[in-house]
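Data first, discussion second: the structure below is written as structure tokens.
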Amino acid sequence: MLKKIEQDMMAALKNKEKEKAGSLRLIISKCKNKSIELGRDLSDTEVIKVLQTAAKQHKESIKMYKEGNRKDLVDQETVELGFVEDYLPSMMSDEEVRNLVVQIIEEVGATSMSDFGKVMPNVMKKGAGKVDGSIAQSFVKELLS
């Protein structure tokens with residue numbers, strides 16, 4: 001997957017797509033840093049985790065810039081988020097996440113908020129990178145309270 005991102009960055013450079021090339025260069029840099037930290041090449045799953053972290057950072061930045069009334073920066077972060085999301089697997093819909101949470105609650109026999117710690121890790125594991133943690137968390141809280 002990292003090779004694909006590198007190829008896309010080279011294509012963006014050739015096509016003079018500065019924003020895309022810059023965003024992809026940053027993603028590659030984050031992946032290489034993670035690879036150095038681990039002392040080995042990253043698997044596709046690990047590259048996806050790096051991408052998810054980057055997407056989450058862009059979303060938080062967008063939220064802060066909106067609060068700060070900085071439309072120019074919101075637009076820039078939104079474009080960069082789009083480049084990151086192009087490489088992420090499609091996320092589960094809210095309904096699919098809710099169904100998964102219900103299924104996990106039944107499997108582990110959760111009945112109250114004290115079982116939150118049993119439910120969330122299973123939801124995130126079964127969702128395998130396709131579940132937005134904050135959405136899952138809100139459903140778990142709603143269904144267990």
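Going by the structure tokens order, chains are called A, B, ..., each with residues numbered from 1, while ligands are numbered from 1 in the order shown.
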
For this session: Please provide the set of residues having any atom within 12 Å of Leu144 in chain A, restricted to only C-alpha atoms, with same-chain residues fewer than 3 positions apart removed, written as a PyMOL selection string.
Result: chain A and resi 101-102+104-106+109-120+137-141

Those residues with C-alpha atoms, as a PDB file, in the first residue's frame please?
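New file out_36.pdb:
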```pdb
ATOM      1  CA  VAL A 101     -22.523  -2.829  18.707  1.00  0.00           C
ATOM      2  CA  VAL A 102     -25.823  -4.623  19.377  1.00  0.00           C
ATOM      3  CA  ILE A 104     -21.206  -7.454  20.504  1.00  0.00           C
ATOM      4  CA  ILE A 105     -23.362  -6.484  23.498  1.00  0.00           C
ATOM      5  CA  GLU A 106     -25.318  -9.725  23.062  1.00  0.00           C
ATOM      6  CA  GLY A 109     -23.656 -10.343  27.776  1.00  0.00           C
ATOM      7  CA  ALA A 110     -23.208  -6.658  28.588  1.00  0.00           C
ATOM      8  CA  THR A 111     -26.006  -5.110  30.635  1.00  0.00           C
ATOM      9  CA  SER A 112     -24.702  -1.801  32.012  1.00  0.00           C
ATOM     10  CA  MET A 113     -22.058   0.893  31.556  1.00  0.00           C
ATOM     11  CA  SER A 114     -19.711  -1.135  33.759  1.00  0.00           C
ATOM     12  CA  ASP A 115     -19.417  -3.523  30.778  1.00  0.00           C
ATOM     13  CA  PHE A 116     -18.232  -0.716  28.485  1.00  0.00           C
ATOM     14  CA  GLY A 117     -14.633  -2.025  28.677  1.00  0.00           C
ATOM     15  CA  LYS A 118     -15.761  -5.444  27.439  1.00  0.00           C
ATOM     16  CA  VAL A 119     -17.747  -4.075  24.502  1.00  0.00           C
ATOM     17  CA  MET A 120     -15.596  -1.329  22.919  1.00  0.00           C
ATOM     18  CA  GLN A 137     -18.630   4.825  21.578  1.00  0.00           C
ATOM     19  CA  SER A 138     -21.817   6.901  21.408  1.00  0.00           C
ATOM     20  CA  PHE A 139     -23.863   3.810  20.412  1.00  0.00           C
ATOM     21  CA  VAL A 140     -22.336   1.720  23.218  1.00  0.00           C
ATOM     22  CA  LYS A 141     -23.145   4.451  25.771  1.00  0.00           C
TER      23      LYS A 141
END
```

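The list of residues with at least one atom within 12 Å of Lys4 in chain A, based on only C-alpha atoms and without residues fewer than 6 positions apart in the same chain, reads Met10, Ala11, Leu24, Ile27, Ile28, Asp44, Val47, Asp86 and Tyr87 of chain A.
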
Problem set entry | Within 10 Å of Lys20 in chain A using only C-alpha atoms, minus same-chain residues under 5 positions, as a list of chain:residue names | A:Asp8, A:Met9, A:Ala11, A:Ala12, A:Leu13, A:Arg25, A:Leu26, A:Val79, A:Glu80, A:Gly82, A:Phe83, A:Val84

What would the file look like if the residues just selected were written as a compact mmCIF listing (two decimals), in the first residue's frame with N, CA and C atoms?
```txt
# COMPACT_ATOMS: atom_id res chain seq x y z
N ASP A 8 1.67 7.29 -6.45
CA ASP A 8 0.71 8.38 -6.64
C ASP A 8 1.34 9.75 -6.39
N MET A 9 2.28 9.81 -5.42
CA MET A 9 2.96 11.07 -5.14
C MET A 9 3.82 11.47 -6.34
N ALA A 11 3.34 10.63 -9.44
CA ALA A 11 2.42 11.04 -10.50
C ALA A 11 1.91 12.46 -10.24
N ALA A 12 1.61 12.77 -8.98
CA ALA A 12 1.13 14.12 -8.63
C ALA A 12 2.22 15.15 -8.91
N LEU A 13 3.47 14.80 -8.62
CA LEU A 13 4.58 15.72 -8.90
C LEU A 13 4.70 15.96 -10.41
N ARG A 25 3.37 13.23 0.42
CA ARG A 25 4.73 13.23 0.97
C ARG A 25 4.68 13.17 2.50
N LEU A 26 3.75 13.90 3.09
CA LEU A 26 3.59 13.90 4.54
C LEU A 26 3.15 12.52 5.05
N VAL A 79 -9.29 19.53 2.00
CA VAL A 79 -8.65 18.99 0.79
C VAL A 79 -7.66 17.89 1.18
N GLU A 80 -6.82 18.17 2.19
CA GLU A 80 -5.83 17.19 2.63
C GLU A 80 -6.50 15.94 3.19
N GLY A 82 -9.29 14.73 2.23
CA GLY A 82 -9.76 13.99 1.05
C GLY A 82 -8.68 13.10 0.48
N PHE A 83 -7.44 13.62 0.42
CA PHE A 83 -6.32 12.82 -0.10
C PHE A 83 -6.07 11.61 0.80
N VAL A 84 -6.14 11.81 2.12
CA VAL A 84 -5.91 10.72 3.07
C VAL A 84 -7.02 9.67 2.94
```

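With only C-alpha atoms taken into account, the protein and nucleic acid residues at most 10 Å from Asp75 in chain A (excluding it and anything under 5 positions from it in its own chain) are Ile62, Tyr65, Lys66, Arg70, Glu80 and Leu81 of chain A.
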
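Here CA of Asp72 in chain A and CA of Lys30 in chain A stand 24.6 Å from one another.
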
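Among the candidate residues A:Glu46, A:Glu67, A:Glu19, A:Glu6, the one lying nearest to Leu88 in chain A is A:Glu46, with distances computed using only C-alpha atoms.
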
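Between CA of Ser61 in chain A and CA of Ser23 in chain A lies a distance of 14.8 Å.
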